Amino acid sequence: MAEEEDLEDVTEEEQPAKKKKPLLLIIAAAVVVVAGAGTGAYFMLGQGSVEAAVDEKATVAKTEKSDKGGENPATVGEAYYFSLDPPFIVNFAGTRRARFLQVSIEGLTRDSRVKEDITKHLPQVRNSLVLLLSSKTYEELNTMEGKASLRKQVLREIQKILEAETGHEGVEDVFFTSFVMQ
């Protein structure tokens with residue numbers, strides 16, 4: 001009987017040790033989860049406040065600039081995109097071999113009236129852009145710098161036409177949404 005009591009004592013001592021292992025694992029897992037959630041919240045909330053501060057600084061800078069007369073208040077606001085459809089297809093200048101450029105152009109404005117102005121003056125805009133695009137050579141546009149330079153020239157050309165016809169440039173940027181050279 002003493003042996004049975006000894007066995008019972010041993011098993012009772014082992015049982016708390018076995019119960020402690022799952023309890024320790026649960027506590028460790030809970031600590032890891034809480035630490036992960038805390039770290040995630042720190043980065044998420046910290047990142048959001050940085051973005052808000054940057055947005056606030058940009059808004060303040062734009063407001064100060066418009067107060068000084070440097071920027072039209074209509075340029076601060078919702079972005080409107082317009083497309084100069086159909087895509088432009090032109091021959092490259094000065095090649096013996098037939099080479100073509102096909103480019104789709106879209107623009108960005110912050111003034112909803114500009115979309116109407118572009119539509120109204122589209123024949124003039126398209127004519128100027130066809131002349132500009134067809135004056136380029138394959139070699140000029142075969143580099144990233146050449147394409148970036150052309151994009152700036154297209155923007156200036158559109159702004160020049162709108163300035164002459166409406167009294168304001170209106171277009172903030174242009175994008176090539178398709179650019180195929182052959």
# chains A, B, ... in the order shown; residues from 1 in each chain; ligands from 1

call {"tool": "residues_around", "arguments": {"residues": "Lys160 (chain A)", "least_positions_apart": "3", "cutoff": "12 Å", "atoms": "only C-alpha atoms", "output": "list of chain:residue names"}}
result
A:His121, A:Gln124, A:Val125, A:Ser128, A:Leu129, A:Gln153, A:Val154, A:Leu155, A:Arg156, A:Glu157, A:Glu163, A:Ala164, A:Glu165, A:Thr166, A:Gly167, A:His168, A:Glu169, A:Gly170, A:Val171

call {"tool": "write_last_selection", "arguments": {"atoms": "C-alpha atoms", "output": "mmCIF file, in the first residue's frame"}}
result
data_model
loop_
_atom_site.group_PDB
_atom_site.id
_atom_site.type_symbol
_atom_site.label_atom_id
_atom_site.label_comp_id
_atom_site.auth_asym_id
_atom_site.auth_seq_id
_atom_site.Cartn_x
_atom_site.Cartn_y
_atom_site.Cartn_z
ATOM 1 C CA HIS A 121 -10.611 73.268 -78.942
ATOM 2 C CA GLN A 124 -6.518 72.806 -82.674
ATOM 3 C CA VAL A 125 -4.927 70.718 -79.899
ATOM 4 C CA SER A 128 -0.524 71.025 -82.848
ATOM 5 C CA LEU A 129 0.273 67.667 -81.288
ATOM 6 C CA GLN A 153 6.612 69.491 -74.813
ATOM 7 C CA VAL A 154 3.109 68.051 -75.236
ATOM 8 C CA LEU A 155 2.058 69.628 -71.923
ATOM 9 C CA ARG A 156 3.464 73.032 -72.915
ATOM 10 C CA GLU A 157 1.755 72.849 -76.312
ATOM 11 C CA GLU A 163 -3.919 80.078 -72.585
ATOM 12 C CA ALA A 164 -4.506 81.689 -75.986
ATOM 13 C CA GLU A 165 -8.110 80.517 -76.300
ATOM 14 C CA THR A 166 -9.425 80.660 -72.720
ATOM 15 C CA GLY A 167 -7.016 82.856 -70.768
ATOM 16 C CA HIS A 168 -5.766 80.078 -68.469
ATOM 17 C CA GLU A 169 -3.493 77.048 -68.971
ATOM 18 C CA GLY A 170 -5.711 74.672 -67.051
ATOM 19 C CA VAL A 171 -3.803 71.443 -67.684
#

call {"tool": "closest_atom_pairs", "arguments": {"of": "region 102-123 of chain A", "to": "region 90-97 of chain A", "cutoff": "12 Å", "atoms": "only C-alpha atoms", "output": "CSV"}}
result
residue,atom,partner,partner_atom,distance
A:Gln102,CA,A:Val90,CA,6.7
A:Val103,CA,A:Val90,CA,8.9
A:Ser104,CA,A:Val90,CA,11.8

call {"tool": "closest_residue", "arguments": {"among": "A:Phe176, A:Thr137, A:Asn127, A:Ala148", "to": "Ile161 (chain A)", "atoms": "only C-alpha atoms"}}
result
A:Asn127

call {"tool": "closest_residue", "arguments": {"among": "A:Thr109, A:Ser134, A:Asn142, A:Ser83", "to": "Leu122 (chain A)", "atoms": "only C-alpha atoms"}}
result
A:Ser83

call {"tool": "closest_residue", "arguments": {"among": "A:Ile158, A:Met144, A:Val114, A:Ile26", "to": "Tyr80 (chain A)", "atoms": "only C-alpha atoms"}}
result
A:Val114

call {"tool": "residues_around", "arguments": {"residues": "Tyr81 (chain A)", "least_positions_apart": "2", "cutoff": "8 Å", "atoms": "only C-alpha atoms", "output": "list in words"}}
result
Ala79, Ser83, Glu106, Gly107, Leu108, Thr109 and Lys115 of chain A

call {"tool": "write_last_selection", "arguments": {"atoms": "C-alpha atoms", "output": "mmCIF file, in the first residue's frame"}}
result
data_model
loop_
_atom_site.group_PDB
_atom_site.id
_atom_site.type_symbol
_atom_site.label_atom_id
_atom_site.label_comp_id
_atom_site.auth_asym_id
_atom_site.auth_seq_id
_atom_site.Cartn_x
_atom_site.Cartn_y
_atom_site.Cartn_z
ATOM 1 C CA ALA A 79 -8.294 65.702 -60.095
ATOM 2 C CA SER A 83 -8.363 61.613 -72.907
ATOM 3 C CA GLU A 106 -4.382 61.684 -71.257
ATOM 4 C CA GLY A 107 -4.291 64.858 -69.220
ATOM 5 C CA LEU A 108 -4.790 65.955 -65.630
ATOM 6 C CA THR A 109 -6.581 69.109 -64.525
ATOM 7 C CA LYS A 115 -12.390 69.229 -69.897
#

call {"tool": "closest_residue", "arguments": {"among": "A:Leu23, A:Gly77, A:Asp117, A:Val180", "to": "Leu162 (chain A)", "atoms": "only C-alpha atoms"}}
result
A:Asp117
